[in-house]
Structures are given as C-alpha cells and as structure tokens.
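Step one of this worksheet: look at the structure below.
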Amino acid sequence: MILYPAIDLKGGSVVRLKEGDMDRATVYGRDPGAQARTFAETGFEWIHVVDLDGAFAGASVNAAAVDDILDASGVPVQLGGGIRDMKAVEAWLKRGVSRVILGTAAVRDPEFVKAAAQAHPGKVAVGVDARDGRVAVQGWAEVSDMTVLDLAKRFEDAGVAAIIYTDIARDGLLKGLNLESTRELAAAVTIPVIASGGLADIEDVRRLLEPENAAIAGAITGRALYDGRLDGREALAFVRAARAA
C-alpha cells in the first residue's frame, strides 16, 4: 500500500477544495516546490498533483508550478488535470512526470486512453471521480450517466497502471475514505485501485491496512496532512510496518 500526499494547484498556489467546488478552496501555500520538498523529506515515495485550473480548462494551466514540484521533490510524481490528448501525455512524461492521470478523457475518448496506456506502459492512470455512484468529468463540474464500475471495466487489459477512485462527496471534508465502495471496485477489476477522498486521520490509515482492504493499492491524503490531523511520519511508519509483517 502506497500513501500519496496531494498537491492541488489553483492559480499557482497549493489549495484544497471541499467536494470539488472551486469556490470552496483553502490556500495552504504559495510555493508548491517547497511543499513537494517537505513531502519528500517526510519520506513519501510518490506525490499526487492535480492542476485544478487545467481540469476545468481542458489544458495545462499550472505548468510552472508542476515544474517546480518536479525540480524540488526528487520522488515520482503523478499528475492529473487537463490532460486530454497524446501530445499532452508525451509532453508531461518528457518533462519528468512519472505517471499521468486521465479522467475526463477516459469517459469521452476511451480509445485515446487505451492508446496512451499501450504506448507508455506503467505511466498512465485513469481517474474515476464519482458523485452518487456516477462518474463526474470536466473538473467534476458535470456528472455523466456512466457508473464507476462500467468506466473501470472499460480499461481492463488496456495496460492502465492504476485507477484513482475519488468519492467527491467526501473529498476535502475529512469524513473518512469510502472503503466499502473502493473495496468493491478493487475486487471487480484487475487494475490496481487507489482510494481518494476523505482520509481524515491515522485511524483511516489503520483501516486501510486491515486484511479486508488488502486489495486497495494505495490512498491519497490531502487536507488531513495540511491541517495537522495526520502526521505523515507516523502514517508512513504504519505502512512500513504492515509491509514488513
């Protein structure tokens, strides 16, 4: 199980949203590179980055901030938000992003996502963001008719590195992860599933590491870290102990 600290970017700043609402953003810092360096020094193995402005615009907006994160962190970075074509995928991989996350494109252009995954093995993840069981797109501003499972199954055997499953209703609210739905998704597909949305404290990390959740490949944490509700070093110590057991 891998724990991914999140850096969400809006206007070049590090923010966290509540339920994906751009009007409910809390600014946690103006230096994304420094935040990435702090996460790396804490011991995190990966960093999860989302260009929130890019997700709405359909193209990269916070490229300079992402470059700062790549330069400062020294650990693998996965990036989502506004990546909608092969040119953008290849440009980000060339710039040093270890894995790109395709969300809206997974709904609207699945053949492109499959082609990207096949062209870049291990470097393409699918973002499955859900509201009431239905997949949301365009920076979570629109809800489609597609279910989470239908979208996930679309990419079985396509070479996708991971599915990042976000429960929008919990995101940024510290309500706890939706482990039941994440378990069900992980059991239904062979693609590794990463949980996102609502991780609140060390108890959530403990629950993630329980045997019944062994199929969940990782989890993303954001506001809990920024608000001091979750100590990164303590959480990583639990993860390392579980791996050694």
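Labeling convention for the structure tokens: chains A, B, ... as they appear, residues from 1 per chain, ligands from 1 in order of appearance.
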- Message: Let's see if you can do this: from backbone DSSP, list all alpha helix (DSSP H) residues in range 86-197 of chain A, as a ChimeraX atom specification.
- Response: /A:86-95,104-108,110-119,148-153,179-188
- Task: Please run DSSP on the backbone and report, as a list in words, all residues within range 184-238 of chain A that come out as strand (DSSP E).
- Result: Val193, Ile194, Ala195, Ser196, Ile216, Ala217, Gly218, Ala219, Ile220 and Thr221 of chain A
- Task: Mind checking which residues fall within 7 Å of Ala57 in chain A, counting only C-alpha atoms, ignoring those fewer than 3 positions away in the same chain, and posting them as number ranges by chain?
- Result: A: 53-54, 82
- Spatial neighbours of Phe39 in chain A, max dist 9 Å, only C-alpha atoms, sep filter under 6 positions, as a PyMOL selection string: chain A and resi 5+45-47+73+232
Range 95-139 of chain A residues near range 152-156 of chain A within 9 Å, closest pair each, using only C-alpha atoms, as JSON lines:
```
{"residue": "A:Ala106", "atom": "CA", "partner": "A:Phe155", "partner_atom": "CA", "distance": 8.8}
{"residue": "A:Pro110", "atom": "CA", "partner": "A:Arg154", "partner_atom": "CA", "distance": 7.9}
{"residue": "A:Val113", "atom": "CA", "partner": "A:Phe155", "partner_atom": "CA", "distance": 8.5}
{"residue": "A:Lys114", "atom": "CA", "partner": "A:Phe155", "partner_atom": "CA", "distance": 7.1}
{"residue": "A:Val126", "atom": "CA", "partner": "A:Ala152", "partner_atom": "CA", "distance": 8.2}
{"residue": "A:Val128", "atom": "CA", "partner": "A:Ala152", "partner_atom": "CA", "distance": 7.5}
```
What's around Leu102 in chain A at 7 Å? Count only C-alpha atoms, leave out sequence neighbours fewer than 3 positions away in its own chain, and write the answer as a PDB file with C-alpha atoms, in the first residue's frame.
```pdb
ATOM      1  CA  GLY A  80      -3.846  14.923 -13.460  1.00  0.00           C
ATOM      2  CA  ILE A  83      -4.500  16.146 -19.967  1.00  0.00           C
ATOM      3  CA  ALA A 105     -10.701  11.686 -21.464  1.00  0.00           C
ATOM      4  CA  ALA A 106     -11.463   8.246 -20.031  1.00  0.00           C
ATOM      5  CA  ALA A 125      -3.615   6.006 -14.747  1.00  0.00           C
ATOM      6  CA  VAL A 126      -7.355   6.551 -15.022  1.00  0.00           C
ATOM      7  CA  GLY A 127      -9.071   8.951 -12.663  1.00  0.00           C
TER       8      GLY A 127
END
```
- Quick one: of A:Pro121, A:Gly11, A:Gly228, A:Gly81, who's nearest to Arg30 in chain A, counting only C-alpha atoms?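 Closest to Arg30 in chain A of all the choices is A:Gly11.
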- Message: Which residues are close to range 218-222 of chain A, i.e. within 10 Å by only C-alpha atoms, leaving aside same-chain residues fewer than 2 positions away? Reply as a ChimeraX atom specification.
- Response: /A:1-8,15-17,47-48,162,164-166,171-172,174,177,192-201,204-205,208-209,214-216,224-227,230,232
